[in-house]
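> Sharing a structure below in structure tokens format, with a few things to ask.
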Amino acid sequence: MSADRKVRLTFDGQDITVTVGTSLIQAWIESGRPLVDNVGCMGQGVCGACRVLVRRSGSGTVETALACETPVEDGMQIASVDYFPAHRPHRYDLHAEVEVESAAAKPIDRIFPEAAHCRHCGGCDRACPRDIEVERMVNLAATGEAREAAALFDHCVMCNLCVAACPEDIDPAHLGQFVRRMAAATTTLPVDLDQRLQEIQTGHQPIRRPPSPGRHES
Amino acid sequence: MTAMGVDHATALRSWSARAPAPPATGDLPPAELVRHFHPDHQADHQSELRVGACAGMRCPSGLADLLQANAHIDDVDLAGIRNLHADVLVLGGGAAGVVAALTAARDGAAVMLATKLRLGDGNTVMAEGGIQAAVGADDSLQQHFDDTLAGGHATADPELVAALVSDGPAAIRWLMAEGMAFDQQNDQGDGASTLRRLRPGGTTVARLLSYRDFTGLEMMRALREAVLLQPGVEVRERYAALELLTDPHGRCVGAVLLDLERERLVQVRAGAVILATGGAGRTHLGGNATSNHYGATADGLVLAYRVGACLREIDSFQYHPTGLAWPRHLRGLLITEAVRALGARLVNGDGARFIDELAPRDVVAAAILREIDAGRGVERDGLTGVLLDTPTLERERPGVLQNHLITLVRLARKAGIDPASEPLLIAPTLHYQNGGVAVDTNGQSSIPGLLCAGEIAGGIHGRNRLMGNALLETVVYGRRAGKAAVTTMRNPSGRAVGITHLGDWQRGLIHAGLPLDRRAPVLFPAYGHADIERRIHARRKSAL
């Protein structure tokens, strides 16, 4: 049975022999080694926790990937990319930004001043495991086209690899979230939601409890 | 997965010959199906708790082992360790924890949020479907209330449900103000948008709000930025909670954390503690596959029970009918319910349908397990399930896969399958902890100083949760618990703070004839080989 075929790979400096048809993260687990970090959704590909650098056998280039969705290949070399501590150099208050949105100068120049310094190296694009046009997003944001920039960043999984790749400290992942959050927070409140909130406030949405209430245990 | 099924190649021939398979003739009433085949009702996987506040209550044996385990640490481990302080300590970095932390900090508290993986690593990001809130003109808070109560088989606490649905619209507005996007439509052409609504299973009206098919990811992205930028919140990643701290009056006054990077213990004294540690899927109760995040190991439930908190409905878990059954490395991952809502059928090894695919989740899951049990499942590489007929769906509604089931197609590709030409092999997957720690409408548990928000809290869903009410719960109860923590917090007093509750606990274990060497919380699944004991005691050894 083909499922029994084995491949050999090097993962964080350790030689591992595993069954073909498995993912890199499962290969690490199958090898019996401890797994307490850089792991998350285990295959859905939505959390960006299991970032790795991969070099395939015979290839001269190193690529980024998510270990939970990359199948093992014979001769692969893999290195985990550790997480980034929760430190934010680019600080802002979204609620305050929304209030001054129309009046103030472009907030991106103030909050993410490095965005204008992009040297078009393409490092962020190559780093992104979701093939987002990160550099284009940065350039659009820097020239004030925030909504177009926001649309490009739809598939971000918060892996922060573009942050590591950027030589100008632009923080593309967080800039991307900033333009997305601004776009969402400055959208007019949907009329159905607005209507319902008013009804609740004026007592027009009462809730009748069933005649025999359930248990109250606390 | 011990039962043998029909060999995969044979099953594909039967499927192909009979597609589209005719509707099933239900030969067993739904209640009977559930009673005989749902995992909650498998008596050999259930035990009665013998110690603690809920002695006599039944729950899955695997969970009972954790709830009745000994602590990892003793008093001696606390000698000389670092002391930290917070007004409010939040344990858990998913949506519930982050919302609670944001709320408490904005109400003036000094907040510490500790999470054993990264901020945002939890089940929130994995939620695809959406979030319920009664905003439609054809909908009302009453209908949301009635649907939720009926969906939980009338076992939820009506007051908890009323709080959940009443805060729903405000929760959506709050999320938008934090920068979360929702799908909207502009039908009238007058420039005024409304929220796009879908109809979730078990409801009377379209009420599910969403952002594409990754609503949870969109929510977490916005919340993660918000909390990282929030003054007054200190985020500690890779800090796992091992034990709660108590005072002589039985009040919860903090927690002992294991700093996983430095392999050392710290104790955090806090005016109030909010547990937002999520569910239990990664304990693989009953040996089941799970759709859950790697960190879902019931840690908070274990900690709360050990300090005396009351639990409820902990024998009730939701099994999502359509988890991937093959290939092995993607086993348990979720195929969205939307695929059945769009018309995809379930087919057994004989190419026959066997259930109304849009029956409630517990009924569909039980029906699948019955097919497998009876040898009518489909077997591939030793894994058994039934077929999800995506090719017929695509033939009937061309383009449906690419336009509406993006995540499904991506997942199928990872499995090496083209869902337009080959059905996926699926089986029920452990998805959600319906019950949990008993709370009031502020998320307050039976232990003073201890609050809960999110999946760990019980009573909001009763014995079954509707799609879209989990994300809503994280926001509504995160906000309520965050607010209540600030108004009820007390300065943790003096020298008597510690883990003295363990004395009574250990005596109880000995009385009940339970082992002292089984320890919890486990923090990671067994196959993570975490060796928690070594990490805890590394410092003790180096001191010798």
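All residue names refer to the structure tokens as shown: chains lettered A, B, ... in order, residues numbered from 1 in each chain, ligands numbered from 1 in order.
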Counting only C-alpha atoms, which residues of range 69-186 of chain A fall within 12 Å of range 15-29 of chain A, and what is the closest atom pair for each with its distance in Å at one decimal, ordered by chain and rising number, as a Markdown table?

```
| residue | atom | partner | partner_atom | distance |
| --- | --- | --- | --- | --- |
| A:Glu69 | CA | A:Ser23 | CA | 5.9 |
| A:Thr70 | CA | A:Ser23 | CA | 5.3 |
| A:Pro71 | CA | A:Ser23 | CA | 4.3 |
| A:Val72 | CA | A:Leu24 | CA | 5.6 |
| A:Glu73 | CA | A:Val20 | CA | 7.3 |
| A:Asp74 | CA | A:Val20 | CA | 8.5 |
| A:Gly75 | CA | A:Asp15 | CA | 9.9 |
| A:Met76 | CA | A:Leu24 | CA | 9.8 |
| A:Gln77 | CA | A:Asp15 | CA | 9.4 |
| A:Ile78 | CA | A:Leu24 | CA | 8.6 |
| A:Ala79 | CA | A:Leu24 | CA | 10.6 |
| A:Ser80 | CA | A:Ile25 | CA | 10.3 |
```
> Those same residues - C-alpha atoms - I'd like them written as a PDB file, in the first residue's frame.

```pdb
ATOM      1  CA  GLU A  69      -0.990  22.320   4.952  1.00  0.00           C
ATOM      2  CA  THR A  70       2.309  21.431   3.302  1.00  0.00           C
ATOM      3  CA  PRO A  71       2.779  17.759   2.363  1.00  0.00           C
ATOM      4  CA  VAL A  72       6.062  16.036   3.172  1.00  0.00           C
ATOM      5  CA  GLU A  73       8.535  15.324   0.359  1.00  0.00           C
ATOM      6  CA  ASP A  74      11.664  13.261   0.426  1.00  0.00           C
ATOM      7  CA  GLY A  75      14.763  15.311   1.181  1.00  0.00           C
ATOM      8  CA  MET A  76      12.910  18.398   2.416  1.00  0.00           C
ATOM      9  CA  GLN A  77      14.677  20.718   4.815  1.00  0.00           C
ATOM     10  CA  ILE A  78      12.364  22.592   7.179  1.00  0.00           C
ATOM     11  CA  ALA A  79      12.957  25.276   9.791  1.00  0.00           C
ATOM     12  CA  SER A  80      10.264  26.688  12.074  1.00  0.00           C
TER      13      SER A  80
END
```
> List as an mmCIF file with all heavy atoms, in the first residue's frame the protein and nucleic acid residues near Val378 in chain B, meaning an atom at most 7 Å away when only C-alpha atoms are counted, but skip any in the same chain fewer than 5 places from it.

```
data_model
loop_
_atom_site.group_PDB
_atom_site.id
_atom_site.type_symbol
_atom_site.label_atom_id
_atom_site.label_comp_id
_atom_site.auth_asym_id
_atom_site.auth_seq_id
_atom_site.Cartn_x
_atom_site.Cartn_y
_atom_site.Cartn_z
ATOM 1 N N GLY B 5 -16.047 -1.079 6.706
ATOM 2 C CA GLY B 5 -17.088 -0.600 5.811
ATOM 3 C C GLY B 5 -16.873 -1.155 4.417
ATOM 4 O O GLY B 5 -16.045 -2.038 4.194
ATOM 5 N N VAL B 6 -17.621 -0.610 3.483
ATOM 6 C CA VAL B 6 -17.484 -0.982 2.081
ATOM 7 C C VAL B 6 -16.197 -0.374 1.547
ATOM 8 O O VAL B 6 -15.904 0.797 1.820
ATOM 9 C CB VAL B 6 -18.695 -0.460 1.274
ATOM 10 C CG1 VAL B 6 -18.542 -0.802 -0.199
ATOM 11 C CG2 VAL B 6 -19.987 -1.013 1.848
ATOM 12 N N ASP B 7 -15.437 -1.143 0.825
ATOM 13 C CA ASP B 7 -14.177 -0.669 0.280
ATOM 14 C C ASP B 7 -14.408 0.554 -0.621
ATOM 15 O O ASP B 7 -15.398 0.632 -1.351
ATOM 16 C CB ASP B 7 -13.543 -1.853 -0.463
ATOM 17 C CG ASP B 7 -12.699 -1.405 -1.626
ATOM 18 O OD1 ASP B 7 -11.605 -0.924 -1.338
ATOM 19 O OD2 ASP B 7 -13.145 -1.521 -2.777
ATOM 20 N N HIS B 8 -13.498 1.530 -0.538
ATOM 21 C CA HIS B 8 -13.698 2.839 -1.159
ATOM 22 C C HIS B 8 -13.996 2.756 -2.661
ATOM 23 O O HIS B 8 -14.919 3.410 -3.162
ATOM 24 C CB HIS B 8 -12.462 3.714 -0.898
ATOM 25 C CG HIS B 8 -12.575 5.112 -1.419
ATOM 26 N ND1 HIS B 8 -11.762 5.598 -2.406
ATOM 27 C CD2 HIS B 8 -13.416 6.130 -1.098
ATOM 28 C CE1 HIS B 8 -12.088 6.861 -2.672
ATOM 29 N NE2 HIS B 8 -13.081 7.214 -1.887
ATOM 30 N N ALA B 11 -17.440 1.454 -3.226
ATOM 31 C CA ALA B 11 -18.425 2.468 -2.839
ATOM 32 C C ALA B 11 -18.552 3.542 -3.915
ATOM 33 O O ALA B 11 -19.662 4.008 -4.206
ATOM 34 C CB ALA B 11 -18.026 3.091 -1.504
ATOM 35 N N ASN B 348 -24.154 6.478 1.571
ATOM 36 C CA ASN B 348 -23.403 5.422 2.253
ATOM 37 C C ASN B 348 -22.648 4.544 1.245
ATOM 38 O O ASN B 348 -22.612 4.830 0.042
ATOM 39 C CB ASN B 348 -24.332 4.599 3.153
ATOM 40 C CG ASN B 348 -25.356 3.796 2.352
ATOM 41 O OD1 ASN B 348 -25.197 3.600 1.142
ATOM 42 N ND2 ASN B 348 -26.400 3.340 3.034
ATOM 43 N N GLY B 349 -22.059 3.463 1.746
ATOM 44 C CA GLY B 349 -21.234 2.591 0.910
ATOM 45 C C GLY B 349 -21.999 1.887 -0.191
ATOM 46 O O GLY B 349 -21.406 1.413 -1.172
ATOM 47 N N THR B 384 -12.969 5.125 8.228
ATOM 48 C CA THR B 384 -14.335 4.881 7.775
ATOM 49 C C THR B 384 -15.201 6.131 7.901
ATOM 50 O O THR B 384 -15.098 6.866 8.879
ATOM 51 C CB THR B 384 -14.972 3.740 8.594
ATOM 52 O OG1 THR B 384 -14.030 2.685 8.694
ATOM 53 C CG2 THR B 384 -16.231 3.232 7.927
ATOM 54 N N GLY B 385 -16.050 6.333 6.920
ATOM 55 C CA GLY B 385 -16.998 7.444 6.945
ATOM 56 C C GLY B 385 -18.104 7.186 5.951
ATOM 57 O O GLY B 385 -18.371 6.034 5.586
ATOM 58 N N VAL B 386 -18.763 8.253 5.510
ATOM 59 C CA VAL B 386 -19.719 8.162 4.412
ATOM 60 C C VAL B 386 -19.339 9.227 3.388
ATOM 61 O O VAL B 386 -18.474 10.062 3.645
ATOM 62 C CB VAL B 386 -21.187 8.368 4.889
ATOM 63 C CG1 VAL B 386 -21.599 7.266 5.849
ATOM 64 C CG2 VAL B 386 -21.363 9.742 5.510
#
```
> Considering only C-alpha atoms, extract the chain B residues located within 6 Å of chain A and return them as a PDB file with N, CA and C atoms, in the first residue's frame.

```pdb
ATOM      1  N   VAL B 135     -31.424  40.963  13.518  1.00  0.00           N
ATOM      2  CA  VAL B 135     -31.491  42.328  12.995  1.00  0.00           C
ATOM      3  C   VAL B 135     -32.525  42.484  11.879  1.00  0.00           C
ATOM      4  N   GLN B 142     -37.373  37.961  20.236  1.00  0.00           N
ATOM      5  CA  GLN B 142     -38.193  36.834  20.689  1.00  0.00           C
ATOM      6  C   GLN B 142     -37.936  35.579  19.853  1.00  0.00           C
ATOM      7  N   ASP B 157     -30.687  27.871  30.229  1.00  0.00           N
ATOM      8  CA  ASP B 157     -31.260  28.785  31.211  1.00  0.00           C
ATOM      9  C   ASP B 157     -31.879  29.964  30.449  1.00  0.00           C
ATOM     10  N   MET B 176     -18.224  46.078  14.767  1.00  0.00           N
ATOM     11  CA  MET B 176     -17.950  46.981  13.640  1.00  0.00           C
ATOM     12  C   MET B 176     -17.071  48.140  14.088  1.00  0.00           C
ATOM     13  N   ALA B 177     -17.341  48.654  15.285  1.00  0.00           N
ATOM     14  CA  ALA B 177     -16.545  49.775  15.789  1.00  0.00           C
ATOM     15  C   ALA B 177     -15.108  49.344  16.084  1.00  0.00           C
ATOM     16  N   GLY B 179     -13.616  47.423  14.072  1.00  0.00           N
ATOM     17  CA  GLY B 179     -13.012  47.256  12.755  1.00  0.00           C
ATOM     18  C   GLY B 179     -13.245  45.902  12.123  1.00  0.00           C
ATOM     19  N   MET B 180     -14.319  45.210  12.525  1.00  0.00           N
ATOM     20  CA  MET B 180     -14.649  43.943  11.878  1.00  0.00           C
ATOM     21  C   MET B 180     -15.624  44.198  10.724  1.00  0.00           C
ATOM     22  N   ALA B 181     -15.348  43.567   9.581  1.00  0.00           N
ATOM     23  CA  ALA B 181     -16.213  43.718   8.415  1.00  0.00           C
ATOM     24  C   ALA B 181     -17.294  42.639   8.404  1.00  0.00           C
ATOM     25  N   SER B 193     -27.413  50.249   3.079  1.00  0.00           N
ATOM     26  CA  SER B 193     -27.072  48.832   3.098  1.00  0.00           C
ATOM     27  C   SER B 193     -27.753  48.120   4.249  1.00  0.00           C
ATOM     28  N   THR B 194     -27.975  46.829   4.028  1.00  0.00           N
ATOM     29  CA  THR B 194     -28.402  45.962   5.117  1.00  0.00           C
ATOM     30  C   THR B 194     -27.402  44.829   5.236  1.00  0.00           C
ATOM     31  N   HIS B 293      -9.141  23.446  17.656  1.00  0.00           N
ATOM     32  CA  HIS B 293      -7.788  23.977  17.725  1.00  0.00           C
ATOM     33  C   HIS B 293      -6.918  23.113  18.650  1.00  0.00           C
ATOM     34  N   TYR B 294      -5.622  23.146  18.406  1.00  0.00           N
ATOM     35  CA  TYR B 294      -4.661  22.332  19.167  1.00  0.00           C
ATOM     36  C   TYR B 294      -4.745  22.555  20.683  1.00  0.00           C
ATOM     37  N   HIS B 329      -4.128  12.805   7.919  1.00  0.00           N
ATOM     38  CA  HIS B 329      -3.524  14.018   8.488  1.00  0.00           C
ATOM     39  C   HIS B 329      -4.489  15.212   8.495  1.00  0.00           C
ATOM     40  N   VAL B 439     -22.985  29.614  35.112  1.00  0.00           N
ATOM     41  CA  VAL B 439     -22.781  31.054  35.309  1.00  0.00           C
ATOM     42  C   VAL B 439     -24.125  31.776  35.374  1.00  0.00           C
ATOM     43  N   SER B 446     -20.177  30.080  40.471  1.00  0.00           N
ATOM     44  CA  SER B 446     -20.584  29.927  41.869  1.00  0.00           C
ATOM     45  C   SER B 446     -19.449  30.277  42.831  1.00  0.00           C
ATOM     46  N   GLY B 528       1.209  15.605  21.784  1.00  0.00           N
ATOM     47  CA  GLY B 528       2.115  16.754  21.816  1.00  0.00           C
ATOM     48  C   GLY B 528       3.331  16.499  22.698  1.00  0.00           C
ATOM     49  N   HIS B 529       3.329  15.355  23.425  1.00  0.00           N
ATOM     50  CA  HIS B 529       4.469  14.967  24.268  1.00  0.00           C
ATOM     51  C   HIS B 529       5.033  16.161  25.037  1.00  0.00           C
ATOM     52  N   ALA B 530       4.134  16.908  25.692  1.00  0.00           N
ATOM     53  CA  ALA B 530       4.557  18.172  26.284  1.00  0.00           C
ATOM     54  C   ALA B 530       5.412  17.992  27.538  1.00  0.00           C
TER      55      ALA B 530
END
```
> So what do you get for CA of Pro360 in chain B versus CA of Leu401 in chain B, distance-wise?
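About the pair CA of Pro360 in chain B and CA of Leu401 in chain B: they are 23.3 Å apart.
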> To one decimal in Å, tell me the separation between CA of Leu119 in chain B and CA of Arg224 in chain B.
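Interatomic distance here is 7.0 Å.
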> Write down as JSON, numbers by chain the residues of chain A whose backbone DSSP state falls under strand (DSSP E).
{"A": [6, 7, 8, 9, 10, 11, 14, 15, 16, 17, 18, 19, 51, 52, 53, 54, 55, 63, 64, 65, 66, 77, 78, 79, 80]}
> Mind checking which residues fall within 12 Å of Arg50 in chain B, counting only C-alpha atoms, ignoring those fewer than 5 positions away in the same chain, and posting them as a list of chain:residue names?
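Here the answer would be B:Ala55, B:Gly56, B:Met57, B:Arg58, B:Cys59, B:Ser61, B:Ala64, B:Asp65, B:Leu67, B:Gln68, B:Ala69, B:Trp505, B:Gly508, B:Leu509, B:Ile510, B:His511, B:Ala512, B:Gly513, B:Leu514.
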> Determine, counting only C-alpha atoms, which protein, DNA and RNA residues have an atom within 8 Å of an atom of Leu78 in chain B; residues of the same chain fewer than 4 positions away are not included. Present the result as a ChimeraX atom specification.
/B:74,265,267
> Any chance you can output those residues with C-alpha atoms as a CSV table (one decimal), in the first residue's frame?

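Saved file result18.csv follows:
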```
chain,number,residue,atom,x,y,z
B,74,ASP,CA,2.2,21.7,45.6
B,265,LEU,CA,6.3,29.3,37.5
B,267,GLN,CA,1.8,33.6,40.5
```
> Find the residues near Val302 in chain B: any atom within 7 Å, counting only C-alpha atoms, skip ones fewer than 4 places away on the same chain, and give them as a compact mmCIF listing (two decimals) with N, CA and C atoms, in the first residue's frame.

```txt
# COMPACT_ATOMS: atom_id res chain seq x y z
N LEU B 66 -9.99 13.98 33.78
CA LEU B 66 -9.33 15.29 33.92
C LEU B 66 -9.90 16.07 35.09
N LEU B 67 -11.25 16.05 35.22
CA LEU B 67 -11.89 16.83 36.29
C LEU B 67 -11.51 16.28 37.66
N ALA B 298 -9.68 21.60 27.71
CA ALA B 298 -10.53 21.66 28.92
C ALA B 298 -9.80 22.22 30.15
N ARG B 306 -11.85 22.32 40.36
CA ARG B 306 -10.99 22.04 41.51
C ARG B 306 -11.14 23.08 42.62
N PRO B 521 -4.50 20.47 34.65
CA PRO B 521 -4.83 20.43 33.22
C PRO B 521 -3.67 19.88 32.38
```
> Write out as a ChimeraX atom specification the residues lying within 10 Å of Pro167 in chain A, counting only C-alpha atoms and excluding same-chain residues fewer than 6 positions away.
/A:117-119,121,123-124
> Within 10 Å of range 152-156 of chain B, which residues of range 374-480 of chain B come that close, and what is the closest atom pair and distance in Å for each? Count only C-alpha atoms and give it as a Markdown table.

```
| residue | atom | partner | partner_atom | distance |
| --- | --- | --- | --- | --- |
| B:Asn434 | CA | B:Gly152 | CA | 8.9 |
| B:Gly435 | CA | B:Ala156 | CA | 9.2 |
| B:Gly458 | CA | B:Ala156 | CA | 8.5 |
| B:Gly459 | CA | B:Ala156 | CA | 4.9 |
| B:Ile460 | CA | B:Ala156 | CA | 5.5 |
| B:His461 | CA | B:Ala156 | CA | 5.3 |
| B:Gly462 | CA | B:Ala156 | CA | 3.7 |
| B:Arg463 | CA | B:Gly152 | CA | 4.9 |
| B:Asn464 | CA | B:Gly152 | CA | 4.3 |
| B:Arg465 | CA | B:Gly152 | CA | 6.0 |
| B:Leu466 | CA | B:Gly152 | CA | 7.7 |
```
> Could you dump the residues just selected with N, CA, C and O atoms as a tab-separated table (two decimals), in the first residue's frame?

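Final output, saved to result_8.tsv:
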```
chain	number	residue	atom	x	y	z
B	434	ASN	N	-21.13	21.72	24.78
B	434	ASN	CA	-22.40	22.43	24.97
B	434	ASN	C	-22.54	23.00	26.38
B	434	ASN	O	-23.05	24.09	26.57
B	435	GLY	N	-22.11	22.23	27.37
B	435	GLY	CA	-22.22	22.68	28.76
B	435	GLY	C	-20.94	23.35	29.22
B	435	GLY	O	-20.14	23.81	28.40
B	458	GLY	N	-21.42	27.36	30.75
B	458	GLY	CA	-22.52	26.44	30.48
B	458	GLY	C	-23.86	27.10	30.72
B	458	GLY	O	-23.96	28.11	31.42
B	459	GLY	N	-24.91	26.53	30.12
B	459	GLY	CA	-26.26	26.99	30.38
B	459	GLY	C	-26.82	27.90	29.30
B	459	GLY	O	-28.02	28.17	29.27
B	460	ILE	N	-25.94	28.40	28.43
B	460	ILE	CA	-26.39	29.34	27.40
B	460	ILE	C	-27.00	28.59	26.22
B	460	ILE	O	-27.90	29.08	25.56
B	461	HIS	N	-26.50	27.39	25.95
B	461	HIS	CA	-26.98	26.61	24.80
B	461	HIS	C	-27.79	25.39	25.21
B	461	HIS	O	-28.38	24.74	24.35
B	462	GLY	N	-27.77	25.05	26.49
B	462	GLY	CA	-28.43	23.81	26.88
B	462	GLY	C	-27.68	22.62	26.31
B	462	GLY	O	-26.46	22.58	26.33
B	463	ARG	N	-28.43	21.66	25.76
B	463	ARG	CA	-27.80	20.42	25.31
B	463	ARG	C	-27.47	20.42	23.82
B	463	ARG	O	-27.05	19.40	23.27
B	464	ASN	N	-27.66	21.54	23.17
B	464	ASN	CA	-27.29	21.61	21.75
B	464	ASN	C	-27.17	23.09	21.37
B	464	ASN	O	-27.99	23.89	21.76
B	465	ARG	N	-26.11	23.41	20.62
B	465	ARG	CA	-25.90	24.81	20.24
B	465	ARG	C	-26.24	25.01	18.77
B	465	ARG	O	-25.92	24.18	17.93
B	466	LEU	N	-26.88	26.13	18.49
B	466	LEU	CA	-27.16	26.49	17.10
B	466	LEU	C	-25.92	27.12	16.47
B	466	LEU	O	-25.17	27.83	17.13
```
> When DSSP works through the backbone of this structure, what residues of range 318-542 of chain B end up as helix (DSSP H, G or I), shown as an MDAnalysis selection string?
chainID B and resid 328:330 338:341 361:373 390:396 400:404 406:414 469:488 501:511 526:528 532:542
> State, in Å with one decimal place, the distance from CA of Ala241 in chain B to CA of Leu257 in chain B.
4.4 Å
